[in-house]
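One file, run_18.txt, is given below (compact mmCIF, C-alpha atoms and all ligand atoms).
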# COMPACT_ATOMS: atom_id res chain seq x y z
CA MET O 15 0.00 0.00 0.00
CA LYS O 16 1.20 3.52 -0.78
CA VAL O 17 -0.10 6.41 1.36
CA LEU O 18 1.10 9.89 0.47
CA THR O 19 0.95 12.28 3.45
CA VAL O 20 1.00 16.04 2.97
CA VAL O 21 2.28 18.46 5.62
CA GLY O 22 2.96 22.17 5.43
CA ALA O 23 2.76 24.08 8.68
CA ARG O 24 3.87 23.61 12.26
CA PRO O 25 0.63 22.10 13.64
CA ASN O 26 0.72 19.40 10.94
CA PHE O 27 4.02 17.87 11.94
CA MET O 28 3.09 16.36 15.32
CA LYS O 29 -0.03 14.85 13.72
CA ALA O 30 1.65 13.37 10.66
CA ALA O 31 4.78 11.98 12.35
CA PRO O 32 3.11 9.05 14.19
CA LEU O 33 1.12 8.08 11.08
CA VAL O 34 4.11 8.01 8.74
CA ARG O 35 6.05 6.00 11.31
CA ALA O 36 3.25 3.48 11.83
CA LEU O 37 2.72 3.02 8.10
CA ARG O 38 6.42 2.34 7.53
CA ARG O 39 6.67 0.08 10.58
CA ARG O 40 3.84 -2.02 9.16
CA GLY O 41 5.58 -2.42 5.81
CA HIS O 42 3.72 0.13 3.72
CA ARG O 43 5.14 2.82 1.47
CA ALA O 44 4.54 6.19 3.11
CA PRO O 45 6.03 9.04 1.08
CA LEU O 46 5.93 12.43 2.77
CA LEU O 47 5.45 15.75 0.99
CA HIS O 48 6.26 19.06 2.74
CA THR O 49 4.75 22.07 0.99
CA GLY O 50 7.12 24.52 2.71
CA GLN O 51 4.30 26.76 4.00
CA HIS O 52 6.39 26.97 7.17
CA TYR O 53 10.10 27.10 6.43
CA ASP O 54 12.04 28.67 9.35
CA ALA O 55 14.08 26.00 11.16
CA ALA O 56 12.23 26.78 14.40
CA MET O 57 8.85 26.38 12.67
CA SER O 58 9.67 23.23 10.71
CA GLN O 59 13.02 21.36 10.79
CA VAL O 60 13.15 21.11 14.59
CA PHE O 61 9.92 19.09 14.53
CA PHE O 62 11.29 16.65 11.98
CA ASP O 63 14.39 16.17 14.13
CA GLU O 64 12.62 15.81 17.45
CA LEU O 65 9.65 13.75 16.32
CA GLY O 66 11.82 11.29 14.41
CA MET O 67 10.00 12.12 11.21
CA PRO O 68 11.74 11.06 7.99
CA GLU O 69 12.96 13.88 5.77
CA PRO O 70 10.28 14.75 3.20
CA ASP O 71 10.51 12.87 -0.09
CA VAL O 72 9.33 16.04 -1.80
CA TYR O 73 9.69 19.66 -0.66
CA LEU O 74 7.68 22.22 -2.62
CA GLY O 75 9.13 25.34 -0.98
CA VAL O 76 5.98 27.45 -1.44
CA GLY O 77 6.76 29.83 1.47
CA SER O 78 4.59 32.71 2.62
CA GLY O 79 2.06 34.72 0.63
CA SER O 80 -1.56 35.73 0.52
CA HIS O 81 -4.10 32.94 0.94
CA ALA O 82 -4.65 32.75 -2.82
CA GLU O 83 -0.92 32.76 -3.59
CA GLN O 84 -0.09 30.11 -0.99
CA THR O 85 -3.02 27.85 -1.92
CA ALA O 86 -2.30 28.19 -5.63
CA GLN O 87 1.43 27.50 -5.21
CA VAL O 88 0.69 24.30 -3.29
CA MET O 89 -1.78 23.18 -5.95
CA LEU O 90 0.63 23.87 -8.80
CA GLY O 91 3.48 22.08 -7.04
CA PHE O 92 1.43 19.16 -5.77
CA GLU O 93 -0.43 18.17 -8.94
CA PRO O 94 2.50 16.69 -10.92
CA VAL O 95 3.90 14.99 -7.80
CA CYS O 96 0.59 13.39 -6.99
CA LYS O 97 0.20 12.13 -10.56
CA GLU O 98 3.70 10.71 -10.61
CA MET O 99 3.41 9.00 -7.23
CA ALA O 100 -0.07 7.58 -7.95
CA PRO O 101 -0.73 6.69 -4.29
CA ASP O 102 -3.50 4.42 -3.04
CA PHE O 103 -4.45 7.16 -0.57
CA VAL O 104 -3.59 10.81 -0.03
CA THR O 105 -3.73 11.94 3.60
CA VAL O 106 -4.12 15.59 4.53
CA VAL O 107 -3.98 16.85 8.08
CA GLY O 108 -5.68 19.64 10.03
CA ASP O 109 -6.87 22.92 8.57
CA VAL O 110 -4.03 25.00 7.13
CA ASN O 111 -3.83 26.32 3.58
CA SER O 112 -1.64 23.40 2.52
CA THR O 113 -4.38 21.02 3.68
CA VAL O 114 -7.15 22.44 1.51
CA ALA O 115 -4.85 22.97 -1.47
CA ALA O 116 -3.65 19.36 -1.49
CA ALA O 117 -7.22 18.14 -0.94
CA LEU O 118 -8.45 20.04 -4.01
CA VAL O 119 -5.72 18.59 -6.20
CA SER O 120 -6.16 15.05 -4.93
CA ALA O 121 -9.96 15.10 -5.28
CA LYS O 122 -9.80 16.45 -8.83
CA LEU O 123 -7.25 13.85 -9.85
CA GLY O 124 -9.58 11.21 -8.42
CA TYR O 125 -7.31 9.87 -5.70
CA SER O 126 -8.76 8.45 -2.53
CA LEU O 127 -8.50 11.23 0.06
CA ALA O 128 -8.36 10.87 3.85
CA HIS O 129 -8.68 13.89 6.15
CA LEU O 130 -7.12 13.53 9.54
CA GLU O 131 -8.75 15.71 12.23
CA ALA O 132 -12.01 15.96 10.27
CA GLY O 133 -15.29 17.44 11.47
CA LEU O 134 -14.01 20.26 13.71
CA ARG O 135 -16.15 23.39 13.39
CA SER O 136 -15.88 26.80 15.03
CA PHE O 137 -18.89 28.02 13.00
CA ASP O 138 -16.87 31.20 12.51
CA TRP O 139 -16.60 31.84 8.81
CA SER O 140 -14.16 34.72 9.38
CA MET O 141 -11.48 32.15 10.33
CA PRO O 142 -9.49 31.00 7.29
CA GLU O 143 -9.12 27.61 8.98
CA GLU O 144 -12.92 27.14 9.13
CA ILE O 145 -13.12 27.53 5.35
CA ASN O 146 -10.24 25.09 4.97
CA ARG O 147 -11.92 22.56 7.29
CA VAL O 148 -15.32 22.64 5.60
CA VAL O 149 -13.93 22.44 2.07
CA THR O 150 -11.44 19.69 2.92
CA ASP O 151 -14.12 17.58 4.61
CA ARG O 152 -16.44 18.00 1.64
CA LEU O 153 -13.71 16.77 -0.71
CA SER O 154 -12.60 13.82 1.39
CA ASP O 155 -13.58 10.19 1.00
CA TRP O 156 -12.51 9.14 4.48
CA LEU O 157 -13.14 11.46 7.44
CA LEU O 158 -10.99 10.54 10.43
CA THR O 159 -12.29 12.19 13.59
CA HIS O 160 -11.24 12.45 17.20
CA SER O 161 -14.33 13.59 19.11
CA PRO O 162 -18.07 12.89 19.14
CA ASP O 163 -18.86 16.54 18.30
CA ALA O 164 -16.84 16.19 15.09
CA ASP O 165 -18.90 13.15 14.05
CA LEU O 166 -22.09 15.07 14.77
CA ASN O 167 -20.98 18.11 12.77
CA LEU O 168 -20.28 15.92 9.76
CA LYS O 169 -23.58 14.07 10.03
CA ARG O 170 -25.45 17.40 10.24
CA GLU O 171 -23.73 18.42 7.01
CA GLY O 172 -25.03 15.28 5.34
CA VAL O 173 -21.84 13.21 5.36
CA PRO O 174 -22.90 9.54 5.30
CA ASP O 175 -21.93 7.40 8.32
CA ARG O 176 -19.87 5.08 6.10
CA LYS O 177 -17.33 7.87 5.50
CA ILE O 178 -16.83 8.81 9.18
CA PHE O 179 -14.28 6.97 11.33
CA ARG O 180 -13.61 7.99 14.93
CA VAL O 181 -9.98 6.93 15.15
CA GLY O 182 -8.87 9.10 18.11
CA ASN O 183 -6.49 11.99 18.55
CA ILE O 184 -3.23 11.45 16.74
CA MET O 185 -1.63 14.57 18.22
CA ILE O 186 -1.87 12.80 21.58
CA ASP O 187 0.19 9.93 20.06
CA SER O 188 3.08 12.38 19.70
CA LEU O 189 2.51 13.76 23.17
CA VAL O 190 2.42 10.33 24.83
CA ALA O 191 5.48 9.16 22.89
CA ASN O 192 7.53 12.23 23.86
CA LEU O 193 6.40 13.19 27.36
CA ALA O 194 9.16 11.28 29.15
CA LYS O 195 11.81 12.61 26.77
CA SER O 196 10.52 16.17 27.20
CA ARG O 197 11.16 15.95 30.95
CA GLU O 198 14.88 16.04 30.14
CA SER O 199 14.52 19.44 28.46
CA THR O 200 16.47 22.22 30.18
CA VAL O 201 14.06 24.92 29.02
CA LEU O 202 12.99 25.91 32.54
CA GLU O 203 16.61 26.47 33.63
CA ARG O 204 17.39 28.36 30.43
CA LEU O 205 14.47 30.71 31.00
CA SER O 206 14.93 30.91 34.81
CA LEU O 207 11.48 29.49 35.55
CA ASN O 208 10.26 27.38 38.48
CA PRO O 209 7.85 24.46 37.95
CA SER O 210 4.23 25.67 38.41
CA GLY O 211 5.55 29.20 38.87
CA TYR O 212 4.79 30.66 35.44
CA GLY O 213 2.27 30.83 32.63
CA VAL O 214 2.80 30.18 28.91
CA VAL O 215 1.47 32.49 26.19
CA THR O 216 1.08 31.85 22.46
CA LEU O 217 -0.62 34.17 20.02
CA HIS O 218 -0.76 34.12 16.24
CA ARG O 219 -4.35 34.35 14.95
CA PRO O 220 -4.76 37.19 12.45
CA SER O 221 -7.90 38.28 14.36
CA ASN O 222 -5.75 38.87 17.47
CA VAL O 223 -2.45 40.08 16.09
CA ASP O 224 -3.32 42.03 12.95
CA SER O 225 -5.44 44.71 14.68
CA ASP O 226 -3.46 47.27 16.69
CA ASP O 227 -6.23 47.81 19.27
CA THR O 228 -6.85 44.10 19.86
CA LEU O 229 -3.16 43.24 20.15
CA GLN O 230 -2.51 46.19 22.48
CA GLY O 231 -5.45 45.16 24.69
CA ILE O 232 -4.27 41.54 24.96
CA ILE O 233 -0.65 42.47 25.65
CA GLY O 234 -1.81 45.02 28.26
CA ALA O 235 -3.76 42.30 30.10
CA LEU O 236 -0.80 39.92 29.90
CA LYS O 237 1.58 42.54 31.30
CA THR O 238 -0.78 43.09 34.25
CA LEU O 239 -0.99 39.33 34.80
CA ALA O 240 2.81 39.05 34.63
CA GLU O 241 2.98 41.13 37.83
CA GLU O 242 1.22 38.20 39.57
CA LEU O 243 2.57 35.27 37.55
CA PRO O 244 5.70 35.40 35.35
CA LEU O 245 4.81 34.73 31.73
CA VAL O 246 6.86 33.25 28.92
CA PHE O 247 5.81 33.87 25.34
CA PRO O 248 7.38 31.77 22.55
CA CYS O 249 6.56 34.12 19.76
CA HIS O 250 5.34 33.24 16.24
CA PRO O 251 7.22 35.24 13.57
CA ARG O 252 3.98 36.90 12.44
CA THR O 253 3.29 38.12 15.99
CA ARG O 254 6.86 39.20 16.69
CA LYS O 255 6.81 41.48 13.67
CA ARG O 256 3.60 43.12 14.88
CA ILE O 257 4.75 43.44 18.51
CA LYS O 258 8.01 45.02 17.39
CA ALA O 259 6.23 47.42 15.05
CA LEU O 260 4.02 48.59 17.93
CA GLY O 261 6.89 48.63 20.48
CA LEU O 262 4.81 46.61 22.94
CA VAL O 263 7.15 44.37 24.93
CA ASP O 264 10.68 44.34 26.31
CA GLU O 265 12.35 41.04 25.51
CA ALA O 266 13.08 40.11 29.13
CA GLY O 267 11.59 40.50 32.62
CA ALA O 268 8.40 39.01 34.04
CA PHE O 269 6.92 38.87 30.53
CA GLN O 270 9.60 37.06 28.53
CA LEU O 271 9.49 36.79 24.77
CA THR O 272 11.40 33.88 23.22
CA GLU O 273 11.88 32.47 19.75
CA PRO O 274 9.41 29.73 18.76
CA LEU O 275 10.37 26.57 20.69
CA GLY O 276 10.86 23.04 19.49
CA TYR O 277 8.40 20.28 20.35
CA LEU O 278 10.20 18.88 23.40
CA ASP O 279 10.96 22.24 25.00
CA PHE O 280 7.41 23.41 24.43
CA LEU O 281 5.90 20.22 25.84
CA LYS O 282 8.05 20.54 28.95
CA LEU O 283 7.16 24.23 29.27
CA VAL O 284 3.41 23.57 29.04
CA SER O 285 3.35 20.47 31.21
CA ASP O 286 5.16 22.26 34.07
CA SER O 287 3.21 25.51 33.76
CA ARG O 288 0.51 26.91 35.98
CA MET O 289 -1.67 27.87 33.01
CA VAL O 290 -1.57 28.53 29.29
CA LEU O 291 -3.06 31.57 27.54
CA SER O 292 -3.30 30.95 23.81
CA ASP O 293 -5.28 31.34 20.61
CA SER O 294 -3.98 28.04 19.21
CA GLY O 295 -6.20 25.10 18.33
CA GLY O 296 -3.98 22.15 19.19
CA ILE O 297 -2.79 23.59 22.50
CA GLN O 298 -6.37 23.48 23.80
CA GLU O 299 -6.20 19.70 23.36
CA GLU O 300 -2.68 19.22 24.67
CA THR O 301 -3.57 21.11 27.88
CA THR O 302 -6.73 19.02 28.24
CA TYR O 303 -4.68 15.85 28.06
CA LEU O 304 -2.15 17.23 30.56
CA GLY O 305 -4.81 18.71 32.88
CA VAL O 306 -3.28 22.20 32.63
CA PRO O 307 -5.74 25.13 32.73
CA CYS O 308 -6.02 26.81 29.32
CA ILE O 309 -7.45 30.25 28.63
CA THR O 310 -8.33 30.51 24.99
CA LEU O 311 -8.04 34.03 23.62
CA ARG O 312 -10.86 33.56 21.15
CA GLU O 313 -14.65 33.92 21.17
CA ASN O 314 -15.23 30.39 19.89
CA THR O 315 -13.55 27.03 19.59
CA GLU O 316 -13.75 24.16 17.14
CA ARG O 317 -12.74 21.93 20.05
CA PRO O 318 -15.71 22.13 22.48
CA ILE O 319 -14.70 18.85 24.13
CA THR O 320 -11.87 20.75 25.85
CA ILE O 321 -14.43 23.05 27.47
CA GLU O 322 -16.66 20.13 28.49
CA GLN O 323 -13.62 18.56 30.15
CA GLY O 324 -13.23 21.71 32.26
CA THR O 325 -9.61 22.54 31.38
CA ASN O 326 -10.37 25.20 28.76
CA VAL O 327 -12.29 28.49 28.97
CA LEU O 328 -12.95 31.07 26.28
CA ALA O 329 -11.90 34.60 27.20
CA GLY O 330 -11.89 36.32 23.80
CA ALA O 331 -9.61 39.32 23.44
CA ASP O 332 -11.17 41.47 26.15
CA PRO O 333 -8.52 42.45 28.73
CA ALA O 334 -10.92 42.29 31.72
CA ARG O 335 -12.16 38.81 30.75
CA ILE O 336 -8.62 37.56 30.19
CA LEU O 337 -7.51 38.76 33.62
CA ALA O 338 -10.61 37.36 35.36
CA ALA O 339 -10.11 33.96 33.70
CA ALA O 340 -6.42 33.94 34.60
CA ARG O 341 -7.15 34.76 38.24
CA ASN O 342 -9.70 31.93 38.34
CA ALA O 343 -7.08 29.60 36.90
CA LEU O 344 -4.56 30.74 39.52
CA ALA O 345 -6.94 29.49 42.19
CA ILE O 346 -6.93 25.95 40.72
CA ARG O 347 -4.60 23.72 42.73
CA GLU O 348 -5.27 20.23 41.40
CA ARG O 349 -4.84 18.99 37.88
CA SER O 350 -7.70 17.11 36.25
CA THR O 351 -7.18 13.82 34.47
CA CYS O 352 -8.24 13.21 30.89
CA ALA O 353 -10.19 10.13 29.89
CA ILE O 354 -11.48 10.94 26.42
CA GLU O 355 -11.93 7.83 24.32
CA GLY O 356 -9.20 7.53 21.70
CA TRP O 357 -6.86 10.12 23.24
CA ASP O 358 -4.56 7.30 24.23
CA GLY O 359 -1.44 7.29 22.04
CA LYS O 360 -2.71 4.48 19.79
CA THR O 361 -4.47 6.44 17.06
CA SER O 362 -1.85 5.93 14.35
CA ASP O 363 -2.26 2.13 14.44
CA ARG O 364 -6.04 2.47 14.30
CA ILE O 365 -5.65 4.63 11.18
CA VAL O 366 -3.36 2.12 9.49
CA ASP O 367 -5.93 -0.59 10.33
CA CYS O 368 -8.50 1.54 8.49
CA PHE O 369 -6.29 2.03 5.42
CA GLU O 370 -5.60 -1.72 5.23
CA ARG O 371 -9.31 -2.46 5.47
CA TRP O 372 -10.26 0.14 2.84
CA LEU O 373 -7.70 -1.12 0.38
C1 LIG O 401 -0.69 29.01 9.81
C2 LIG O 401 -2.10 28.45 9.67
C3 LIG O 401 -2.78 28.42 11.03
C4 LIG O 401 -1.93 27.70 12.05
C5 LIG O 401 -0.54 28.35 12.07
C6 LIG O 401 0.38 27.67 13.05
C7 LIG O 401 -3.26 28.93 7.56
C8 LIG O 401 -4.33 29.72 6.94
N1 LIG O 401 -2.92 29.27 8.81
O1 LIG O 401 -0.80 30.36 10.23
O2 LIG O 401 -4.01 27.73 10.91
O3 LIG O 401 -2.54 27.79 13.29
O4 LIG O 401 0.02 28.26 10.76
O5 LIG O 401 1.60 28.34 13.15
O6 LIG O 401 -2.76 28.03 6.95
N2 LIG O 401 6.40 33.14 8.80
C9 LIG O 401 7.76 33.13 9.02
N3 LIG O 401 8.40 31.91 9.00
C10 LIG O 401 7.75 30.73 8.76
C11 LIG O 401 6.37 30.77 8.52
C12 LIG O 401 5.71 31.98 8.55
O7 LIG O 401 8.37 34.14 9.23
O8 LIG O 401 8.40 29.67 8.77
C13 LIG O 401 5.69 34.44 8.87
C14 LIG O 401 5.59 35.10 7.53
O9 LIG O 401 5.66 36.48 7.73
C15 LIG O 401 4.19 34.77 7.07
C16 LIG O 401 3.43 34.74 8.39
O10 LIG O 401 4.37 34.24 9.33
O11 LIG O 401 3.69 35.68 6.16
C17 LIG O 401 2.21 33.89 8.38
O12 LIG O 401 2.51 32.56 7.95
P1 LIG O 401 1.35 31.65 7.31
O13 LIG O 401 1.85 30.29 7.03
O14 LIG O 401 0.71 32.39 6.18
O15 LIG O 401 0.26 31.61 8.45
P2 LIG O 401 0.39 31.37 10.02
O16 LIG O 401 0.02 32.62 10.71
O17 LIG O 401 1.68 30.72 10.37

Take the structure in this file and express it as structure tokens.
Amino acid sequence: MKVLTVVGARPNFMKAAPLVRALRRRGHRAPLLHTGQHYDAAMSQVFFDELGMPEPDVYLGVGSGSHAEQTAQVMLGFEPVCKEMAPDFVTVVGDVNSTVAAALVSAKLGYSLAHLEAGLRSFDWSMPEEINRVVTDRLSDWLLTHSPDADLNLKREGVPDRKIFRVGNIMIDSLVANLAKSRESTVLERLSLNPSGYGVVTLHRPSNVDSDDTLQGIIGALKTLAEELPLVFPCHPRTRKRIKALGLVDEAGAFQLTEPLGYLDFLKLVSDSRMVLSDSGGIQEETTYLGVPCITLRENTERPITIEQGTNVLAGADPARILAAARNALAIRERSTCAIEGWDGKTSDRIVDCFERWL
């Protein structure tokens, strides 16, 4: 069996790595294509190194650009590769521009398309990722989900049951496989942090970082919080540019900005933190698994199961709400445990079982 997996941006790598490994371990051909949507070493190569992911068989090098440019470049680069490789299945992951671009090409060429992390919906059409999710799901033949709400969303959209497979959360496969190794990370010493004595911040959504007022409001709230709890902020390149332009943060002190971190350092940082404040999607799930309080700096989430579990709250971008949520989180002393079905580190094997059955 030949399964071609497409990755492009940081959140894809920890989801694709366990799948590619499991396919190869079980004797299948599993070529990997990297579109190059993310290209800085800290946004890409470090994940290949740390997650034991094979070097990509094909690198398209599309880089940054507008949504149309990026999507079009992936499509142009992917089409001849897909034809030449003629895989039994194409797998796309998550909701980034590379995902939808590769899905369009694969569907039009008539290849069998599997979407990993299908069915998530924020119902917020202003998010580029929501458009990518809906279109990719519509194009896919096999919809691999990781939560009951995802199954329900797909059924409501008319996707027949026979296309929906609840395989579990493959990102948790990477987390489970690397948690012990991450404990050896020296990131806390390097940043002069004490276990449970700091919070972690990440911020990169255009809705939060591209508007001066919104970004200033969020950073203002975080600076106030940093007087009560030191904060460390591994900063996405998009956000760093904006923060610099507005002159918002000193690089050191109680509110520390760092370069983007690798997988193991970041996992250690989150798992030892008091709380996380973030607008990321995947981090909402990682904190749920770890039992770390997460304050999501958005008005909605495509991952409602994290709220049902009690680890995640939505605080939007309003400074007063962010501070109130953070102070509530500071009062939490005990970590919750996560028992969501299929968030168990064994998802990649369940997916390979599916591929073998489908073939
Ligand atoms: C993309 C995804 C988003 C995901 C995020 C994770 C889309 C629409 N968005 O957003 O869903 O949550 O990745 O990080 O696909 N840049 C660099 N170096 C890099 C990559 C990007 O400097 O290696 C800078 C460039 O200025 C670029 C900007 O970041 O223009 C945005 O990159 P892009 O890939 O367009 O979107 P992200 O914000 O990273």

message = Show me which residues are within 7 Å of ligand LIG 401 (chain O) counting all atoms listed in the file, and format the list as a ChimeraX atom specification.
response = /O:23-25,51-54,57-58,78-81,109-112,142-143,218-220,250-252,294-295

For those residues, write C-alpha atoms to a file as an mmCIF file, in the frame of the given file.
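Okay, this is what ended up in result_10.cif:
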data_model
loop_
_atom_site.group_PDB
_atom_site.id
_atom_site.type_symbol
_atom_site.label_atom_id
_atom_site.label_comp_id
_atom_site.auth_asym_id
_atom_site.auth_seq_id
_atom_site.Cartn_x
_atom_site.Cartn_y
_atom_site.Cartn_z
ATOM 1 C CA ALA O 23 2.760 24.080 8.680
ATOM 2 C CA ARG O 24 3.870 23.610 12.260
ATOM 3 C CA PRO O 25 0.630 22.100 13.640
ATOM 4 C CA GLN O 51 4.300 26.760 4.000
ATOM 5 C CA HIS O 52 6.390 26.970 7.170
ATOM 6 C CA TYR O 53 10.100 27.100 6.430
ATOM 7 C CA ASP O 54 12.040 28.670 9.350
ATOM 8 C CA MET O 57 8.850 26.380 12.670
ATOM 9 C CA SER O 58 9.670 23.230 10.710
ATOM 10 C CA SER O 78 4.590 32.710 2.620
ATOM 11 C CA GLY O 79 2.060 34.720 0.630
ATOM 12 C CA SER O 80 -1.560 35.730 0.520
ATOM 13 C CA HIS O 81 -4.100 32.940 0.940
ATOM 14 C CA ASP O 109 -6.870 22.920 8.570
ATOM 15 C CA VAL O 110 -4.030 25.000 7.130
ATOM 16 C CA ASN O 111 -3.830 26.320 3.580
ATOM 17 C CA SER O 112 -1.640 23.400 2.520
ATOM 18 C CA PRO O 142 -9.490 31.000 7.290
ATOM 19 C CA GLU O 143 -9.120 27.610 8.980
ATOM 20 C CA HIS O 218 -0.760 34.120 16.240
ATOM 21 C CA ARG O 219 -4.350 34.350 14.950
ATOM 22 C CA PRO O 220 -4.760 37.190 12.450
ATOM 23 C CA HIS O 250 5.340 33.240 16.240
ATOM 24 C CA PRO O 251 7.220 35.240 13.570
ATOM 25 C CA ARG O 252 3.980 36.900 12.440
ATOM 26 C CA SER O 294 -3.980 28.040 19.210
ATOM 27 C CA GLY O 295 -6.200 25.100 18.330
#

request  = Could you tell me which of O:Met99, O:Leu207, O:Leu260, O:Val114 comes closest to Ala132 (chain O) if we count only C-alpha atoms?
outcome  = O:Val114

key: Test item: which residues lie within 6 Å of (0.6, 5.7, 12.8) counting all atoms listed in the file, as a VMD selection string   = chain O and resid 32 to 37 362 to 363

File of the preceding selection, C-alpha atoms, as a compact mmCIF listing (two decimals), in the frame of the given file:
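Okay, result-v7.txt is ready:
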# COMPACT_ATOMS: atom_id res chain seq x y z
CA PRO O 32 3.11 9.05 14.19
CA LEU O 33 1.12 8.08 11.08
CA VAL O 34 4.11 8.01 8.74
CA ARG O 35 6.05 6.00 11.31
CA ALA O 36 3.25 3.48 11.83
CA LEU O 37 2.72 3.02 8.10
CA SER O 362 -1.85 5.93 14.35
CA ASP O 363 -2.26 2.13 14.44

inquiry  = Quick one: residues within 12 Å of region 95-98 of chain O, all atoms listed in the file, excluding same-chain residues fewer than 5 positions away - as a PyMOL selection string?
reply    = chain O and resi 16-20+45-49+71-74+88-90+103-105+116-127

request  = Excluding region 275-277 of chain O and any residue of its chain fewer than 5 positions from it, enumerate the residues within 8 Å of it, using all atoms listed in the file, and give them as a ChimeraX atom specification.
outcome  = /O:56-57,60-61,64-65,248

Saved selection, atoms kept: C-alpha atoms, as a PDB file, keeping the file's coordinate frame:
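Saved as result_5.pdb:
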ATOM      1  CA  ALA O  56      12.230  26.780  14.400  1.00  0.00           C
ATOM      2  CA  MET O  57       8.850  26.380  12.670  1.00  0.00           C
ATOM      3  CA  VAL O  60      13.150  21.110  14.590  1.00  0.00           C
ATOM      4  CA  PHE O  61       9.920  19.090  14.530  1.00  0.00           C
ATOM      5  CA  GLU O  64      12.620  15.810  17.450  1.00  0.00           C
ATOM      6  CA  LEU O  65       9.650  13.750  16.320  1.00  0.00           C
ATOM      7  CA  PRO O 248       7.380  31.770  22.550  1.00  0.00           C
TER       8      PRO O 248
END

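Residue nearest Arg256 (chain O) within the list O:Thr228, O:Ser199, O:Ser136, O:Asn208: O:Thr228 [criterion: smallest interatomic distance, all atoms listed in the file].
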
ask   = So which residues touch Glu171 (chain O) within 10 Å, counting all atoms listed in the file, skipping near sequence neighbours fewer than 3 positions away, as a ChimeraX atom specification?
value = /O:133,148,151-152,166-168,174

request  = Excluding region 339-355 of chain O and any residue of its chain fewer than 6 positions from it, enumerate the residues within 7 Å of it, using only C-alpha atoms, and give them as a list in words.
outcome  = Met289, Thr302, Tyr303, Gly305, Val306, Pro307, Ile309 and Ala329 of chain O

Generate the output file for the selected residues, C-alpha atoms, as a PDB file, in the coordinates of the input.
ATOM      1  CA  MET O 289      -1.670  27.870  33.010  1.00  0.00           C
ATOM      2  CA  THR O 302      -6.730  19.020  28.240  1.00  0.00           C
ATOM      3  CA  TYR O 303      -4.680  15.850  28.060  1.00  0.00           C
ATOM      4  CA  GLY O 305      -4.810  18.710  32.880  1.00  0.00           C
ATOM      5  CA  VAL O 306      -3.280  22.200  32.630  1.00  0.00           C
ATOM      6  CA  PRO O 307      -5.740  25.130  32.730  1.00  0.00           C
ATOM      7  CA  ILE O 309      -7.450  30.250  28.630  1.00  0.00           C
ATOM      8  CA  ALA O 329     -11.900  34.600  27.200  1.00  0.00           C
TER       9      ALA O 329
END

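Considering only C-alpha atoms, the residue among O:Gly172, O:Gly261, O:Gly50, O:Gly267 positioned nearest to Leu205 (chain O) is O:Gly267.
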
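Here CA of Gly182 (chain O) and CA of Ser161 (chain O) stand 7.1 Å from one another.
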
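Between CA of Asp358 (chain O) and CA of Ile186 (chain O) there is a distance of 6.7 Å.
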
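Distances to Val21 (chain O) were evaluated for O:Met67, O:Val190, O:Leu278, O:Leu157 using all atoms listed in the file, and the minimum falls at O:Met67.
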
query = Between CA of Thr325 (chain O) and CA of Leu239 (chain O), what is the spacing in Å?
reply = 19.2 Å
